[in-house]
Every structure is written in C-alpha cells, then in structure tokens.
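Student: My questions all concern the structure below.
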Amino acid sequence: MKLANKHIFVTGGAKGIGEAIVRDAAAESASVTFIDIDEYAGNRLASELSADGKSVAFFSADVASFDQLKTAFESGVNRFGEVTGVVNNAGVNSHADPVKMTDKEWDDFFAIDMKPVWLTAKLALPAMRKAKAGSIVNICSIHGRLTYPGFFPYGAAKSAVLGLTRNLALDEGRHQIRVNAVSPGYILTELTKTWLSGESGRLERANSIQPLGRMGEPFEVAKVVTFLLSDKSTYVSGSDWAVDGGLGARSA
Ligand code: NAP
C-alpha cells in the first residue's frame with residue numbers, strides 16, 4: 001500500500017516499462033491514469049486491471065500534443081481527483097544521420113522524448129503547488145550520460161531530461177514537490193528487442209557486457225519508480241537513479 005491515496009499519471013503506460021509502472025502503482029493501491037498511442041494495448045491493460053479491482057483509467061493520447069495530453073489529464077482528474085504523481089515515460093529511440101535528418105524529424109523526436117517533461121509539469125504543478133506535495137519521475141536513460149554509436153540525437157534528448165529534472169527539482173522544492181530521474185540500462189521491452197535484432201551479434205555483445213550477466217526486466221525499473229513516487233522517499237529530489245545492473249560503472 002505504498003501509494004494509497006495517490007493518483008499517478010503515467011505516459012506511454014500501455015507497454016514495456018510504462019506498463020510495469022502502471023501495474024506496480026496499481027498494486028500499491030494508487031489510482032492510475034495512463035495514456036499511450038497504442039489504444040488497443042492500453043484498453044486491454046486497463047480492462048485487465050479494472051477487472052482485478054484496481055482504480056485505473058486509460059486514455060488514448062500522444063505526448064507530442066499538448067491538447068491531447070491536457071484532455072487526458074483532465075479526464076483523469078475528473079475520475080480520481082488531483083494528480084499527486086507524474087511519470088514521464090513515453091519515449092522512442094532515434095538512429096538518425098545528422099546530415100540526412102530533417103527539421104521535422106528533429107522536432108518530432110524532441111516533441112516525444114523531451115518536451116512532454118515540461119508539458120506535464122504545466123498540467124500537474126498548479127495542484128501540486130497548492131497541495132504543497134507531489135512527485136515527478138522522468139524516465140531518462142543510461143544514454144543521458146554515456147551513449148552508443150548510431151543513437152543520434154537520443155543522447156541529447158535524455159541529457160536534456162536530466163537537465164529539466166534538475167531545473168524543476170530546484171524551482172519546485174519550495175513547494176515540497178520532488179522531481180527525480182530514473183535511468184534504465186538495457187531493459188527487455190519491445191523497444192530494446194527491436195534494436196537488438198537489428199544487427200547480427202548485437203544481442204550477444206549486449207549480454208556479454210552486463211555486470212549482472214543479464215539485462216533488466218521492466219518491473220525492476222517500476223519498483224524504483226514506485227519508491228520515488230511514495231512517501232518512502234520524502235528527502236529524495238533532483239537525483240538520477242541508475243537502474244542499469246551496474247553498466248554505468250563499467251569502462252569500455
Ligand atoms: P516501449 O516498449 O516502446 O513502450 C513505450 C510505449 O510508449 C509504447 O506503448 C509506445 O507505443 C508508447 N509511445 C510511443 N510514443 C508515444 C507518444 N508519442 N505518445 C504516447 N505514447 C507513446 O518502450 P520502453 O522500452 O518501455 O521505454 C520506455 C521509456 O524508457 C522510454 O522513454 C525509453 O527511452 C526509456 N528507456 C528504455 C530502455 C530500455 O532498455 N527499454 C532503456 C533506457 C531508457 P507504440 O509501441 O505504439 O509506439
């Protein structure tokens with residue numbers, strides 16, 4: 001019951017790490033509003049959890065659209081009351097060529113991987129400031145600090161998420177709002193599996209460098225997110241929690 005009486009808003013919650021965050025928050029007694037562009041997977045997850053007695057609402061929305069985010073956010077508030085915690089999780093990879101990448105591709109990418117941290121803050125902060133409480137968790141990446149060839153400009157977006165985490169943590173601390181980042185390493189989701197299957201030998205190489213001898217599972221990220229959303233972490237703010245099995249400690 002770590003999240004009893006909390007209302008958590010999660011982006012990209014239908015699959016992967018976001019799904020695990022939704023499941024864990026609901027299991028810890030939170031009311032959960034989540035959005036995703038995968039309407040089928042979102043509705044399926046919401047139906048399953050609702051049938052199990054959990055307070056969960058799904059809305060189909062694209063984080064790149066402030067109007068869609070706002071509509072979904074307000075629908076969640078109407079259903080469960082003010083949002084007490086936000087998880088900015090929706091994200092995509094980018095493997096662009098810096099010469100061939102167009103302005104539109106650049107803008108579309110940052111509209112998903114960076115800007116929603118600001119847009120959800122715009123929506124959630126007024127009630128959090130009034131309540132003098134709140135927790136925001138931004139799903140960043142090991143790429144926020146150390147990146148990998150062929151990921152242009154993913155490392156920049158994730159570094160920016162870390163910067164926004166620090167900005168918000170410092171500015172909102174006086175309102176008792178905590179803002180933290182969680183940086184996964186290799187977590188076995190569709191996003192990672194697609195990338196791993198993109199080149200022969202990549203899976204074997206990725207496995208061979210893991211200090212714990214394996215990649216992570218989505219629930220292992222969710223457990224840290226739940227902690228940061230909960231009142232077990234009341235003096236934790238402005239930090240970046242690595243959930244990478246030790247990979248970030250490794251030199252080449
Ligand atoms: P995933 O398996 O692809 O799940 C992400 C979910 O977000 C999908 O349901 C996806 O829908 C949805 N989504 C994508 N774009 C969206 C948009 N514009 N608006 C709303 N929803 C959208 O990804 P994941 O691996 O769980 O990654 C989640 C987060 O963790 C991302 O921010 C990622 O950068 C970060 N991360 C992941 C890893 C890893 O190893 N998996 C490591 C470090 C950081 P579609 O499938 O229909 O696109």
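Following the order of the structure tokens, chains are lettered A, B, ..., residues in each are numbered from 1, and ligands are numbered from 1.
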Residues of chain A that have any atom at most 7 Å from an atom of ligand 1: could you tabulate them with the shortest-distance atom pair and the distance in Å to one decimal, using only C-alpha atoms and all ligand atoms, ordered by chain and increasing number, as CSV?

Tutor:
residue,atom,partner,partner_atom_place_in_ligand_line,distance
A:Thr11,CA,ligand 1,20 (C),6.1
A:Gly12,CA,ligand 1,7 (O),3.5
A:Gly13,CA,ligand 1,6 (C),6.1
A:Ala14,CA,ligand 1,9 (O),4.7
A:Lys15,CA,ligand 1,9 (O),4.4
A:Gly16,CA,ligand 1,26 (O),3.5
A:Ile17,CA,ligand 1,26 (O),3.7
A:Gly18,CA,ligand 1,26 (O),5.6
A:Ile35,CA,ligand 1,20 (C),6.2
A:Asp36,CA,ligand 1,21 (N),3.7
A:Ile37,CA,ligand 1,21 (N),4.4
A:Asp38,CA,ligand 1,47 (O),4.4
A:Ala61,CA,ligand 1,20 (C),5.8
A:Asp62,CA,ligand 1,19 (N),3.5
A:Val63,CA,ligand 1,19 (N),4.1
A:Ala64,CA,ligand 1,18 (N),5.4
A:Asn89,CA,ligand 1,32 (O),4.7
A:Ala90,CA,ligand 1,7 (O),4.3
A:Gly91,CA,ligand 1,32 (O),3.5
A:Val92,CA,ligand 1,34 (O),5.5
A:Asn93,CA,ligand 1,34 (O),6.3
A:Ile112,CA,ligand 1,18 (N),5.2
A:Asp113,CA,ligand 1,32 (O),6.5
A:Ile139,CA,ligand 1,32 (O),5.5
A:Cys140,CA,ligand 1,44 (C),5.6
A:Ser141,CA,ligand 1,43 (C),3.9
A:Ile142,CA,ligand 1,43 (C),6.0
A:Ser183,CA,ligand 1,43 (C),6.1
A:Pro184,CA,ligand 1,43 (C),4.3
A:Gly185,CA,ligand 1,42 (C),4.9
A:Tyr186,CA,ligand 1,40 (O),3.7
A:Ile187,CA,ligand 1,40 (O),3.5
A:Leu188,CA,ligand 1,41 (N),5.8
A:Thr189,CA,ligand 1,2 (O),4.6
A:Glu190,CA,ligand 1,2 (O),4.4
A:Leu191,CA,ligand 1,3 (O),4.3
A:Thr192,CA,ligand 1,41 (N),4.9

Student: Using only C-alpha atoms, please write the residues we just selected to a file, as a PDB file, in the first residue's frame.

Tutor:
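File produced: part-v3.pdb:
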ATOM      1  CA  THR A  11       2.693   8.439 -20.136  1.00  0.00           C
ATOM      2  CA  GLY A  12       3.400   5.545 -22.504  1.00  0.00           C
ATOM      3  CA  GLY A  13       1.822   3.193 -19.968  1.00  0.00           C
ATOM      4  CA  ALA A  14       0.386   0.545 -22.291  1.00  0.00           C
ATOM      5  CA  LYS A  15       3.542  -1.480 -22.846  1.00  0.00           C
ATOM      6  CA  GLY A  16       7.117  -2.047 -21.692  1.00  0.00           C
ATOM      7  CA  ILE A  17       8.483  -0.087 -18.731  1.00  0.00           C
ATOM      8  CA  GLY A  18       5.366   2.114 -18.606  1.00  0.00           C
ATOM      9  CA  ILE A  35      -2.017   7.390 -21.715  1.00  0.00           C
ATOM     10  CA  ASP A  36      -0.471   5.827 -24.792  1.00  0.00           C
ATOM     11  CA  ILE A  37      -0.769   5.936 -28.587  1.00  0.00           C
ATOM     12  CA  ASP A  38      -1.355   2.166 -28.608  1.00  0.00           C
ATOM     13  CA  ALA A  61      -3.235  10.332 -26.354  1.00  0.00           C
ATOM     14  CA  ASP A  62       0.008  11.387 -27.991  1.00  0.00           C
ATOM     15  CA  VAL A  63       2.506  13.087 -25.647  1.00  0.00           C
ATOM     16  CA  ALA A  64       3.583  15.292 -28.549  1.00  0.00           C
ATOM     17  CA  ASN A  89       7.870   7.514 -19.551  1.00  0.00           C
ATOM     18  CA  ALA A  90       6.777   7.617 -23.221  1.00  0.00           C
ATOM     19  CA  GLY A  91       9.798   7.696 -25.487  1.00  0.00           C
ATOM     20  CA  VAL A  92      11.184   6.427 -28.764  1.00  0.00           C
ATOM     21  CA  ASN A  93      14.689   5.668 -29.985  1.00  0.00           C
ATOM     22  CA  ILE A 112       8.221  12.973 -27.739  1.00  0.00           C
ATOM     23  CA  ASP A 113      11.484  12.433 -25.866  1.00  0.00           C
ATOM     24  CA  ILE A 139      12.325   8.120 -17.263  1.00  0.00           C
ATOM     25  CA  CYS A 140      15.691   9.042 -18.659  1.00  0.00           C
ATOM     26  CA  SER A 141      18.328   6.517 -19.796  1.00  0.00           C
ATOM     27  CA  ILE A 142      21.923   5.464 -19.390  1.00  0.00           C
ATOM     28  CA  SER A 183      17.906   5.937 -15.901  1.00  0.00           C
ATOM     29  CA  PRO A 184      17.473   2.372 -17.122  1.00  0.00           C
ATOM     30  CA  GLY A 185      20.235   0.443 -18.864  1.00  0.00           C
ATOM     31  CA  TYR A 186      19.183  -2.420 -21.145  1.00  0.00           C
ATOM     32  CA  ILE A 187      15.628  -3.402 -20.200  1.00  0.00           C
ATOM     33  CA  LEU A 188      13.899  -6.170 -22.140  1.00  0.00           C
ATOM     34  CA  THR A 189      10.978  -4.372 -23.805  1.00  0.00           C
ATOM     35  CA  GLU A 190       9.790  -4.250 -27.433  1.00  0.00           C
ATOM     36  CA  LEU A 191      11.894  -1.104 -27.965  1.00  0.00           C
ATOM     37  CA  THR A 192      15.067  -2.919 -26.901  1.00  0.00           C
TER      38      THR A 192
END

Student: Please list as a short mmCIF file (atom, residue, chain, number, x, y, z; two decimals) with C-alpha atoms, in the first residue's frame every residue within 8 Å of Pro153 (chain A), counting only C-alpha atoms and excluding residues in the same chain fewer than 4 positions away.

Tutor:
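Below you can see result_11.cif, which holds the result:
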data_model
loop_
_atom_site.label_atom_id
_atom_site.label_comp_id
_atom_site.auth_asym_id
_atom_site.auth_seq_id
_atom_site.Cartn_x
_atom_site.Cartn_y
_atom_site.Cartn_z
CA SER A 94 16.40 7.71 -32.68
CA HIS A 95 19.06 6.44 -35.07
CA ALA A 96 19.29 9.46 -37.36
CA ALA A 157 17.21 14.30 -25.52
#

Student: I need the strand (DSSP E) residues of region 59-176 of chain A per DSSP on the backbone, written as a PyMOL selection string.

Tutor: chain A and resi 59-60+85-88+134-139

Student: Among region 63-247 of chain A, which residues does DSSP mark as alpha helix (DSSP H) when it is run on the backbone? Keep the chain and numbering as in the structure and answer as a tab-separated table (two decimals) with N, CA and C atoms, in the first residue's frame.

Tutor:
chain	number	residue	atom	x	y	z
A	66	PHE	N	-0.05	18.81	-26.87
A	66	PHE	CA	-0.46	19.36	-25.57
A	66	PHE	C	-1.96	19.23	-25.39
A	67	ASP	N	-2.73	19.45	-26.47
A	67	ASP	CA	-4.19	19.36	-26.35
A	67	ASP	C	-4.62	17.96	-25.93
A	68	GLN	N	-4.02	16.93	-26.55
A	68	GLN	CA	-4.39	15.55	-26.19
A	68	GLN	C	-3.98	15.22	-24.76
A	69	LEU	N	-2.76	15.68	-24.40
A	69	LEU	CA	-2.28	15.44	-23.02
A	69	LEU	C	-3.24	16.08	-22.01
A	70	LYS	N	-3.62	17.33	-22.31
A	70	LYS	CA	-4.47	18.10	-21.40
A	70	LYS	C	-5.84	17.42	-21.24
A	71	THR	N	-6.42	17.00	-22.36
A	71	THR	CA	-7.74	16.35	-22.30
A	71	THR	C	-7.67	15.09	-21.45
A	72	ALA	N	-6.61	14.28	-21.68
A	72	ALA	CA	-6.48	13.03	-20.92
A	72	ALA	C	-6.21	13.31	-19.44
A	73	PHE	N	-5.38	14.30	-19.19
A	73	PHE	CA	-5.03	14.66	-17.81
A	73	PHE	C	-6.29	15.09	-17.06
A	74	GLU	N	-7.08	15.97	-17.72
A	74	GLU	CA	-8.29	16.47	-17.05
A	74	GLU	C	-9.34	15.37	-16.86
A	75	SER	N	-9.40	14.44	-17.81
A	75	SER	CA	-10.33	13.31	-17.65
A	75	SER	C	-9.91	12.47	-16.44
A	76	GLY	N	-8.62	12.29	-16.27
A	76	GLY	CA	-8.12	11.55	-15.11
A	76	GLY	C	-8.46	12.26	-13.81
A	77	VAL	N	-8.29	13.59	-13.81
A	77	VAL	CA	-8.60	14.38	-12.60
A	77	VAL	C	-10.09	14.27	-12.27
A	78	ASN	N	-10.93	14.33	-13.31
A	78	ASN	CA	-12.38	14.20	-13.07
A	78	ASN	C	-12.71	12.85	-12.46
A	79	ARG	N	-11.97	11.84	-12.86
A	79	ARG	CA	-12.26	10.47	-12.38
A	79	ARG	C	-11.72	10.22	-10.97
A	80	PHE	N	-10.45	10.62	-10.72
A	80	PHE	CA	-9.79	10.22	-9.47
A	80	PHE	C	-9.35	11.38	-8.58
A	103	ASP	N	14.44	18.90	-40.42
A	103	ASP	CA	13.93	19.73	-39.31
A	103	ASP	C	12.73	19.06	-38.65
A	104	LYS	N	11.84	18.52	-39.50
A	104	LYS	CA	10.60	17.94	-38.97
A	104	LYS	C	10.93	16.70	-38.13
A	105	GLU	N	11.85	15.87	-38.64
A	105	GLU	CA	12.22	14.67	-37.88
A	105	GLU	C	12.82	15.07	-36.53
A	106	TRP	N	13.65	16.10	-36.54
A	106	TRP	CA	14.26	16.59	-35.29
A	106	TRP	C	13.16	17.05	-34.32
A	107	ASP	N	12.25	17.90	-34.82
A	107	ASP	CA	11.20	18.45	-33.96
A	107	ASP	C	10.27	17.34	-33.45
A	108	ASP	N	9.93	16.40	-34.34
A	108	ASP	CA	9.02	15.31	-33.93
A	108	ASP	C	9.67	14.46	-32.83
A	109	PHE	N	10.97	14.22	-32.95
A	109	PHE	CA	11.65	13.39	-31.96
A	109	PHE	C	11.70	14.09	-30.59
A	110	PHE	N	12.13	15.35	-30.59
A	110	PHE	CA	12.21	16.05	-29.29
A	110	PHE	C	10.83	16.32	-28.69
A	111	ALA	N	9.81	16.36	-29.56
A	111	ALA	CA	8.43	16.55	-29.06
A	111	ALA	C	7.98	15.33	-28.26
A	112	ILE	N	8.59	14.18	-28.50
A	112	ILE	CA	8.22	12.97	-27.74
A	112	ILE	C	9.20	12.73	-26.59
A	113	ASP	N	10.48	12.86	-26.86
A	113	ASP	CA	11.48	12.43	-25.87
A	113	ASP	C	11.91	13.52	-24.88
A	115	LYS	N	10.12	17.32	-24.70
A	115	LYS	CA	9.15	18.38	-24.38
A	115	LYS	C	8.05	17.97	-23.40
A	116	PRO	N	7.57	16.71	-23.43
A	116	PRO	CA	6.49	16.34	-22.50
A	116	PRO	C	6.85	16.50	-21.02
A	117	VAL	N	8.13	16.51	-20.69
A	117	VAL	CA	8.51	16.74	-19.28
A	117	VAL	C	8.01	18.13	-18.85
A	118	TRP	N	8.13	19.08	-19.77
A	118	TRP	CA	7.63	20.43	-19.50
A	118	TRP	C	6.09	20.46	-19.55
A	119	LEU	N	5.53	19.82	-20.59
A	119	LEU	CA	4.06	19.90	-20.76
A	119	LEU	C	3.31	19.27	-19.59
A	120	THR	N	3.78	18.14	-19.10
A	120	THR	CA	3.08	17.52	-17.96
A	120	THR	C	3.29	18.36	-16.69
A	121	ALA	N	4.45	19.03	-16.60
A	121	ALA	CA	4.69	19.91	-15.44
A	121	ALA	C	3.68	21.06	-15.46
A	122	LYS	N	3.44	21.62	-16.66
A	122	LYS	CA	2.45	22.69	-16.81
A	122	LYS	C	1.08	22.25	-16.28
A	123	LEU	N	0.75	20.98	-16.56
A	123	LEU	CA	-0.57	20.48	-16.16
A	123	LEU	C	-0.64	20.11	-14.68
A	124	ALA	N	0.44	19.54	-14.17
A	124	ALA	CA	0.37	18.96	-12.81
A	124	ALA	C	0.79	19.93	-11.71
A	125	LEU	N	1.67	20.88	-12.03
A	125	LEU	CA	2.23	21.71	-10.95
A	125	LEU	C	1.21	22.60	-10.22
A	126	PRO	N	0.21	23.19	-10.91
A	126	PRO	CA	-0.69	24.06	-10.16
A	126	PRO	C	-1.32	23.37	-8.94
A	127	ALA	N	-1.86	22.17	-9.13
A	127	ALA	CA	-2.49	21.47	-7.98
A	127	ALA	C	-1.44	21.00	-6.99
A	128	MET	N	-0.28	20.58	-7.49
A	128	MET	CA	0.78	20.13	-6.57
A	128	MET	C	1.27	21.29	-5.70
A	129	ARG	N	1.42	22.48	-6.32
A	129	ARG	CA	1.88	23.65	-5.55
A	129	ARG	C	0.85	23.98	-4.46
A	130	LYS	N	-0.42	23.90	-4.83
A	130	LYS	CA	-1.49	24.20	-3.87
A	130	LYS	C	-1.47	23.20	-2.72
A	131	ALA	N	-1.24	21.93	-3.07
A	131	ALA	CA	-1.25	20.87	-2.05
A	131	ALA	C	0.04	20.85	-1.24
A	154	TYR	N	19.47	10.79	-29.61
A	154	TYR	CA	18.81	10.27	-28.41
A	154	TYR	C	19.54	10.70	-27.14
A	155	GLY	N	20.89	10.66	-27.18
A	155	GLY	CA	21.67	11.05	-26.00
A	155	GLY	C	21.38	12.49	-25.61
A	156	ALA	N	21.18	13.35	-26.60
A	156	ALA	CA	20.90	14.77	-26.31
A	156	ALA	C	19.55	14.92	-25.63
A	157	ALA	N	18.55	14.19	-26.11
A	157	ALA	CA	17.21	14.30	-25.52
A	157	ALA	C	17.24	13.81	-24.07
A	158	LYS	N	17.91	12.70	-23.84
A	158	LYS	CA	17.94	12.15	-22.48
A	158	LYS	C	18.79	13.01	-21.54
A	159	SER	N	19.87	13.62	-22.05
A	159	SER	CA	20.63	14.58	-21.23
A	159	SER	C	19.75	15.76	-20.86
A	160	ALA	N	18.92	16.19	-21.83
A	160	ALA	CA	18.01	17.31	-21.56
A	160	ALA	C	16.98	16.94	-20.51
A	161	VAL	N	16.53	15.69	-20.52
A	161	VAL	CA	15.57	15.26	-19.49
A	161	VAL	C	16.22	15.34	-18.11
A	162	LEU	N	17.51	15.00	-18.04
A	162	LEU	CA	18.22	15.14	-16.76
A	162	LEU	C	18.30	16.61	-16.34
A	163	GLY	N	18.58	17.49	-17.31
A	163	GLY	CA	18.67	18.92	-17.02
A	163	GLY	C	17.32	19.47	-16.55
A	164	LEU	N	16.26	19.06	-17.22
A	164	LEU	CA	14.91	19.51	-16.83
A	164	LEU	C	14.56	19.00	-15.44
A	165	THR	N	15.01	17.79	-15.13
A	165	THR	CA	14.77	17.22	-13.79
A	165	THR	C	15.40	18.11	-12.73
A	166	ARG	N	16.62	18.55	-13.01
A	166	ARG	CA	17.32	19.41	-12.03
A	166	ARG	C	16.63	20.78	-11.94
A	167	ASN	N	16.29	21.37	-13.10
A	167	ASN	CA	15.59	22.68	-13.08
A	167	ASN	C	14.33	22.61	-12.24
A	168	LEU	N	13.51	21.61	-12.53
A	168	LEU	CA	12.21	21.51	-11.84
A	168	LEU	C	12.41	21.20	-10.36
A	169	ALA	N	13.39	20.34	-10.05
A	169	ALA	CA	13.61	19.98	-8.64
A	169	ALA	C	14.01	21.22	-7.84
A	170	LEU	N	14.87	22.07	-8.43
A	170	LEU	CA	15.31	23.25	-7.70
A	170	LEU	C	14.20	24.30	-7.58
A	171	ASP	N	13.43	24.47	-8.66
A	171	ASP	CA	12.40	25.51	-8.62
A	171	ASP	C	11.17	25.10	-7.82
A	172	GLU	N	10.86	23.82	-7.81
A	172	GLU	CA	9.61	23.39	-7.15
A	172	GLU	C	9.83	22.89	-5.73
A	190	GLU	N	9.86	-4.20	-25.96
A	190	GLU	CA	9.79	-4.25	-27.43
A	190	GLU	C	10.81	-3.31	-28.06
A	191	LEU	N	10.95	-2.10	-27.44
A	191	LEU	CA	11.89	-1.10	-27.96
A	191	LEU	C	13.31	-1.69	-28.04
A	192	THR	N	13.72	-2.35	-26.96
A	192	THR	CA	15.07	-2.92	-26.90
A	192	THR	C	15.18	-4.13	-27.81
A	193	LYS	N	14.15	-4.98	-27.81
A	193	LYS	CA	14.22	-6.20	-28.63
A	193	LYS	C	14.34	-5.84	-30.11
A	194	THR	N	13.61	-4.80	-30.53
A	194	THR	CA	13.68	-4.37	-31.93
A	194	THR	C	15.11	-3.93	-32.26
A	195	TRP	N	15.71	-3.15	-31.36
A	195	TRP	CA	17.07	-2.68	-31.62
A	195	TRP	C	18.06	-3.84	-31.60
A	196	LEU	N	17.90	-4.74	-30.64
A	196	LEU	CA	18.85	-5.86	-30.52
A	196	LEU	C	18.81	-6.77	-31.74
A	202	ARG	N	24.47	-8.40	-32.16
A	202	ARG	CA	24.23	-7.31	-31.21
A	202	ARG	C	23.72	-7.84	-29.86
A	203	LEU	N	22.83	-8.81	-29.91
A	203	LEU	CA	22.26	-9.39	-28.68
A	203	LEU	C	23.37	-10.02	-27.83
A	204	GLU	N	24.24	-10.80	-28.49
A	204	GLU	CA	25.33	-11.48	-27.77
A	204	GLU	C	26.28	-10.45	-27.15
A	205	ARG	N	26.61	-9.40	-27.92
A	205	ARG	CA	27.50	-8.35	-27.41
A	205	ARG	C	26.87	-7.64	-26.23
A	206	ALA	N	25.55	-7.34	-26.36
A	206	ALA	CA	24.86	-6.62	-25.28
A	206	ALA	C	24.84	-7.47	-24.01
A	207	ASN	N	24.59	-8.75	-24.16
A	207	ASN	CA	24.58	-9.64	-22.99
A	207	ASN	C	25.94	-9.74	-22.34
A	208	SER	N	26.98	-9.77	-23.17
A	208	SER	CA	28.33	-10.03	-22.66
A	208	SER	C	28.88	-8.89	-21.80
A	218	PRO	N	11.27	-4.99	-17.02
A	218	PRO	CA	10.54	-3.75	-16.75
A	218	PRO	C	10.14	-3.57	-15.28
A	219	PHE	N	9.76	-4.65	-14.60
A	219	PHE	CA	9.30	-4.48	-13.21
A	219	PHE	C	10.43	-4.00	-12.32
A	220	GLU	N	11.68	-4.26	-12.72
A	220	GLU	CA	12.81	-3.84	-11.88
A	220	GLU	C	13.01	-2.31	-11.95
A	221	VAL	N	12.56	-1.70	-13.03
A	221	VAL	CA	12.54	-0.23	-13.12
A	221	VAL	C	11.34	0.30	-12.33
A	222	ALA	N	10.21	-0.38	-12.50
A	222	ALA	CA	8.96	0.08	-11.86
A	222	ALA	C	9.11	0.15	-10.34
A	223	LYS	N	9.82	-0.80	-9.75
A	223	LYS	CA	9.96	-0.81	-8.28
A	223	LYS	C	10.66	0.46	-7.79
A	224	VAL	N	11.64	0.94	-8.54
A	224	VAL	CA	12.35	2.17	-8.15
A	224	VAL	C	11.44	3.38	-8.35
A	225	VAL	N	10.67	3.36	-9.43
A	225	VAL	CA	9.74	4.47	-9.70
A	225	VAL	C	8.70	4.56	-8.56
A	226	THR	N	8.16	3.41	-8.16
A	226	THR	CA	7.17	3.40	-7.08
A	226	THR	C	7.77	3.99	-5.80
A	227	PHE	N	9.01	3.63	-5.52
A	227	PHE	CA	9.69	4.19	-4.33
A	227	PHE	C	9.75	5.71	-4.42
A	228	LEU	N	10.13	6.23	-5.60
A	228	LEU	CA	10.27	7.68	-5.76
A	228	LEU	C	8.92	8.40	-5.73
A	229	LEU	N	7.85	7.71	-6.10
A	229	LEU	CA	6.51	8.30	-6.04
A	229	LEU	C	5.95	8.27	-4.63

Student: Could you work out how far CA of Arg44 (chain A) lies from CA of Phe59 (chain A), giving the answer in Å with one decimal?

Tutor: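 Rounded to one decimal, the two atoms are 11.7 Å apart.
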
Student: Can you tell me, as number ranges by chain, what residues are no more than 9 Å from Ile209 (chain A) when counting only C-alpha atoms, ignoring any on the same chain fewer than 5 positions away?

Tutor: A: 204, 214, 247, 250

Student: Output N, CA, C and O atoms for every residue in that selection, as an mmCIF file, in the first residue's frame.

Tutor:
data_model
loop_
_atom_site.group_PDB
_atom_site.id
_atom_site.type_symbol
_atom_site.label_atom_id
_atom_site.label_comp_id
_atom_site.auth_asym_id
_atom_site.auth_seq_id
_atom_site.Cartn_x
_atom_site.Cartn_y
_atom_site.Cartn_z
ATOM 1 N N GLU A 204 24.240 -10.798 -28.489
ATOM 2 C CA GLU A 204 25.330 -11.479 -27.769
ATOM 3 C C GLU A 204 26.277 -10.446 -27.153
ATOM 4 O O GLU A 204 26.697 -10.574 -26.009
ATOM 5 N N ARG A 214 23.025 -10.271 -17.158
ATOM 6 C CA ARG A 214 21.708 -10.307 -17.806
ATOM 7 C C ARG A 214 21.193 -8.887 -17.988
ATOM 8 O O ARG A 214 21.674 -7.960 -17.347
ATOM 9 N N LEU A 247 25.872 -1.287 -15.329
ATOM 10 C CA LEU A 247 26.517 -0.992 -16.622
ATOM 11 C C LEU A 247 27.169 0.390 -16.652
ATOM 12 O O LEU A 247 28.237 0.569 -17.241
ATOM 13 N N ARG A 250 30.822 0.755 -15.713
ATOM 14 C CA ARG A 250 31.792 -0.007 -16.486
ATOM 15 C C ARG A 250 32.555 0.866 -17.485
ATOM 16 O O ARG A 250 31.953 1.630 -18.234
#

Student: To one decimal place, how far is CA of Val32 (chain A) from CA of Ser237 (chain A) in Å?

Tutor: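 Straight-line distance from CA of Val32 (chain A) to CA of Ser237 (chain A) works out to 22.0 Å.
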
Student: I want to know what sits within 9 Å of Met1 (chain A), based on only C-alpha atoms, with residues of the same chain fewer than 6 positions away left out; could you give that as an NGL selection string?

Tutor: :A and (27-30)

Student: Produce a file of the selected residues containing all heavy atoms, as a PDB file, in the first residue's frame.

Tutor:
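What follows is the written file out_27.pdb:
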ATOM      1  N   ALA A  27      -0.896  -1.919  -8.016  1.00  0.00           N
ATOM      2  CA  ALA A  27      -0.748  -2.969  -6.981  1.00  0.00           C
ATOM      3  C   ALA A  27      -0.461  -2.355  -5.619  1.00  0.00           C
ATOM      4  O   ALA A  27      -0.787  -2.941  -4.584  1.00  0.00           O
ATOM      5  CB  ALA A  27       0.371  -3.934  -7.377  1.00  0.00           C
ATOM      6  N   GLU A  28       0.148  -1.154  -5.626  1.00  0.00           N
ATOM      7  CA  GLU A  28       0.456  -0.460  -4.355  1.00  0.00           C
ATOM      8  C   GLU A  28      -0.658   0.513  -3.985  1.00  0.00           C
ATOM      9  O   GLU A  28      -0.442   1.482  -3.269  1.00  0.00           O
ATOM     10  CB  GLU A  28       1.796   0.272  -4.467  1.00  0.00           C
ATOM     11  CG  GLU A  28       2.998  -0.652  -4.640  1.00  0.00           C
ATOM     12  CD  GLU A  28       3.333  -1.480  -3.389  1.00  0.00           C
ATOM     13  OE1 GLU A  28       2.715  -1.244  -2.335  1.00  0.00           O
ATOM     14  OE2 GLU A  28       4.203  -2.353  -3.490  1.00  0.00           O
ATOM     15  N   SER A  29      -1.861   0.269  -4.528  1.00  0.00           N
ATOM     16  CA  SER A  29      -3.090   0.976  -4.138  1.00  0.00           C
ATOM     17  C   SER A  29      -3.252   2.383  -4.695  1.00  0.00           C
ATOM     18  O   SER A  29      -4.123   3.123  -4.226  1.00  0.00           O
ATOM     19  CB  SER A  29      -3.239   1.036  -2.611  1.00  0.00           C
ATOM     20  OG  SER A  29      -3.310  -0.261  -2.112  1.00  0.00           O
ATOM     21  N   ALA A  30      -2.433   2.787  -5.670  1.00  0.00           N
ATOM     22  CA  ALA A  30      -2.655   4.104  -6.292  1.00  0.00           C
ATOM     23  C   ALA A  30      -3.851   4.035  -7.239  1.00  0.00           C
ATOM     24  O   ALA A  30      -4.173   2.966  -7.764  1.00  0.00           O
ATOM     25  CB  ALA A  30      -1.426   4.524  -7.080  1.00  0.00           C
TER      26      ALA A  30
END

Student: Name the closest residue to Asp244 (chain A) among the candidates A:Ser50, A:Leu146, A:Arg178, A:Gly198; distances are taken between atoms, counting only C-alpha atoms.

Tutor: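 For Asp244 (chain A), the nearest of the given residues is A:Leu146.
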
Student: Using only C-alpha atoms, which of A:Val243, A:Val236, A:Ser251, A:Ser200 sits nearest Gly216 (chain A)?

Tutor: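 Between A:Val243, A:Val236, A:Ser251, A:Ser200, the residue approaching Gly216 (chain A) most closely is A:Val243.
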